[in-house]
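Peer 1: First, the structure itself, so that you have it in front of you.
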Amino acid sequence: MSRKIRIPIKSPREIACMRTAGALAATILQALAKAVTPGRSTREIDLLAADLMCQHACKSAFLGYRGFPGYTCISINEEVVHGIGGPRVIQPGDIVKIDVGIIKGGFIGDNATTVAVGDIAPATQRLLAATEQALYQAIQHARPGRKLADLCGAVEEFVTPLGYSVVREFVGHGVGRRLHEEPQVPNYRPSGKAPTLLPGMTLAIEPMINAGVPSVRILNDGWTVITEDRKPSAHFEHTVLITSGDPEILTPRPRVATPELLGLPPW
């Protein structure tokens with residue numbers, strides 16, 4: 001992170017717009033998560049997202065972005081991120097990652113979750129719990145005066161002792177009027193001089209955590225990222241505002257995992 005970067009600082013009006021976009025992105029994500037049931041195809045979920053976006057008078061931030069063909073990103077099991085809705089049918093025991101980005105009032109709301117389909121393996125339940133908790137570990141560092149490197153490092157430092165690995169090729173990012181703004185927000189501690197966090201910065205923090213090796217590859221569709229060893233991967237994301245005090249999650253929604261899976265106190 002030694003390169004010189006310029007991180008946008010949002011005005012109060014821009015922050016208000018981002019709250020609206022973020023809340024709507026979270027609402028749509030929760031509706032899609034409830035629709036993830038055995039027998040439905042990922043294309044059906046993606047088309048439902050299109051309908052919901054139309055109903056709420058917003059647009060997909062992903063459709064057409066660098067040629068991406070879906071309204072959302074839907075990735076199953078060994079698929080890490082950037083899955084395209086298609087004929088793949090959701091099965092009991094799957095984990096389905098849904099990433100929703102919308103444009104409302106000229107600003108982006110971006111968030112993601114991982115949905116357990118029915119009963120999943122205990123080891124996979126623990127992966128989901130660890131990934132979601134890693135997101136909140138990072139958010140605790142989203143405070144003025146803190147270094148971005150500490151926020152990023154919090155993810156890897158939490159999941160590595162649990163036996164998981166961090167995807168390094170894909171990272172979180174600043175977000176605002178554009179889907180990808182400065183800075184990059186990796187899920188590991190970057191080298192070099194890191195920026196200091198300031199009020200008005202808005203970050204999309206998104207741990208992508210693998211049960212096995214960290215290495216990934218992209219399928220022939222040019223988008224879908226899978227784990228090299230085909231073991232499952234989990235993904236959670238929030239858009240977060242740096243305030244003058246505690247961090248503000250702009251994509252608020254209930255947590256999905258339980259602390260007991262990690263031997264942690266209730267959260």
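Chain labels run A, B, ... following the order of the structure tokens; each chain numbers its residues from 1, and ligands are numbered from 1 in the order shown.
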Check which residues of stretch 222-254 of chain A sit at most 7 Å from stretch 194-205 of chain A using only C-alpha atoms, and return one row each with the closest pair of atoms and their distance in Å to one decimal, ordered by chain and rising number, as JSON lines.
Peer 2:
{"residue": "A:Glu237", "atom": "CA", "partner": "A:Ile205", "partner_atom": "CA", "distance": 5.5}
{"residue": "A:His238", "atom": "CA", "partner": "A:Ile205", "partner_atom": "CA", "distance": 5.7}
{"residue": "A:Thr239", "atom": "CA", "partner": "A:Ala204", "partner_atom": "CA", "distance": 4.4}
{"residue": "A:Val240", "atom": "CA", "partner": "A:Leu203", "partner_atom": "CA", "distance": 5.2}
{"residue": "A:Leu241", "atom": "CA", "partner": "A:Thr202", "partner_atom": "CA", "distance": 4.5}
{"residue": "A:Ile242", "atom": "CA", "partner": "A:Pro199", "partner_atom": "CA", "distance": 4.8}
{"residue": "A:Thr243", "atom": "CA", "partner": "A:Pro199", "partner_atom": "CA", "distance": 4.5}
{"residue": "A:Ser244", "atom": "CA", "partner": "A:Pro199", "partner_atom": "CA", "distance": 5.5}
Peer 1: Can you tell me which residues surround stretch 178-182 of chain A at a distance of at most 7 Å, considering only C-alpha atoms, apart from same-chain residues fewer than 3 positions away, and format the answer as number ranges by chain?
Peer 2: A: 5-7, 61, 108, 173-175
Peer 1: Could you write out that same residue set with N, CA and C atoms as an mmCIF file, in the first residue's frame?
Peer 2:
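The file below, part.cif, is the result:
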data_model
loop_
_atom_site.group_PDB
_atom_site.id
_atom_site.type_symbol
_atom_site.label_atom_id
_atom_site.label_comp_id
_atom_site.auth_asym_id
_atom_site.auth_seq_id
_atom_site.Cartn_x
_atom_site.Cartn_y
_atom_site.Cartn_z
ATOM 1 N N ILE A 5 -2.503 7.266 -2.692
ATOM 2 C CA ILE A 5 -3.905 7.131 -3.058
ATOM 3 C C ILE A 5 -4.704 8.291 -2.483
ATOM 4 N N ARG A 6 -5.830 8.566 -3.117
ATOM 5 C CA ARG A 6 -6.720 9.630 -2.660
ATOM 6 C C ARG A 6 -8.054 8.988 -2.318
ATOM 7 N N ILE A 7 -8.381 8.943 -1.045
ATOM 8 C CA ILE A 7 -9.610 8.297 -0.585
ATOM 9 C C ILE A 7 -10.710 9.349 -0.477
ATOM 10 N N ALA A 61 -25.775 -2.501 -9.559
ATOM 11 C CA ALA A 61 -24.446 -1.925 -9.749
ATOM 12 C C ALA A 61 -23.520 -2.893 -10.473
ATOM 13 N N ILE A 108 -23.891 3.932 -4.377
ATOM 14 C CA ILE A 108 -23.862 2.470 -4.332
ATOM 15 C C ILE A 108 -24.138 1.965 -2.922
ATOM 16 N N HIS A 173 -13.012 -2.758 -0.882
ATOM 17 C CA HIS A 173 -12.719 -1.531 -1.614
ATOM 18 C C HIS A 173 -13.505 -0.367 -1.039
ATOM 19 N N GLY A 174 -13.051 0.832 -1.358
ATOM 20 C CA GLY A 174 -13.872 1.993 -1.106
ATOM 21 C C GLY A 174 -15.092 1.955 -2.013
ATOM 22 N N VAL A 175 -16.148 2.636 -1.595
ATOM 23 C CA VAL A 175 -17.390 2.615 -2.376
ATOM 24 C C VAL A 175 -18.122 3.932 -2.154
#
Peer 1: Under the rule that only C-alpha atoms are counted, which of A:Thr131, A:Ser11, A:Gln55, A:Ser75 is the nearest residue to A:Ala257?
Peer 2: A:Thr131
Peer 1: What's around A:Ala211 at 9 Å? Count only C-alpha atoms, leave out sequence neighbours fewer than 2 positions away in its own chain, and write the answer as a PyMOL selection string.
Peer 2: chain A and resi 123-124+127+163-165+209+213-214+231-234
Peer 1: Mind the document's chain letters and residue numbers, and return as a PyMOL selection string the residues of stretch 59-239 of chain A that DSSP labels strand (DSSP E or B).
Peer 2: chain A and resi 59-60+73-76+79-81+89+95-104+107-116+147+165-166+172-174+181-185+196+202-205+208-210+216-218+225-227+233-235+237-239
Peer 1: Distance atom CA of A:Thr251-atom CA of A:Ala116, one decimal place?
Peer 2: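 Atom-to-atom, atom CA of A:Thr251 to atom CA of A:Ala116, that is 20.1 Å.
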Peer 1: Name all residues at most 10 Å from stretch 39-51 of chain A (count only C-alpha atoms; drop same-chain ones fewer than 2 positions away) and give them as a PyMOL selection string.
Peer 2: chain A and resi 28-29+31-33+35-37+53-60+63+70-76+83-92+96+98+100
Peer 1: Between A:Ala149, A:Ala138, A:Leu262, A:Val115, which has the minimum distance to A:Pro161 (counting only C-alpha atoms)?
Peer 2: A:Leu262
Peer 1: Could you tell me how far atom CA of A:Gly106 sits from atom CA of A:Pro186, in Å to one decimal place?
Peer 2: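 So the answer is 25.6 Å.
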Peer 1: Let's see if you can do this: from backbone DSSP, list all helix (DSSP H, G or I) residues in stretch 8-161 of chain A, as number ranges by chain.
Peer 2: A: 12-35, 42-55, 65-67, 122-139, 148-161
Peer 1: Could you jot down the atom CA of A:Glu78 to atom CA of A:Leu52 separation for me, Å, one decimal place?
Peer 2: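 A separation of 27.2 Å between them.
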Peer 1: So which one's closest to A:His82, A:Val185, A:Leu148, A:Ile120, A:Ala112? Using only C-alpha atoms, please.
Peer 2: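 Using only C-alpha atoms, A:His82 sits closest to A:Ala112.
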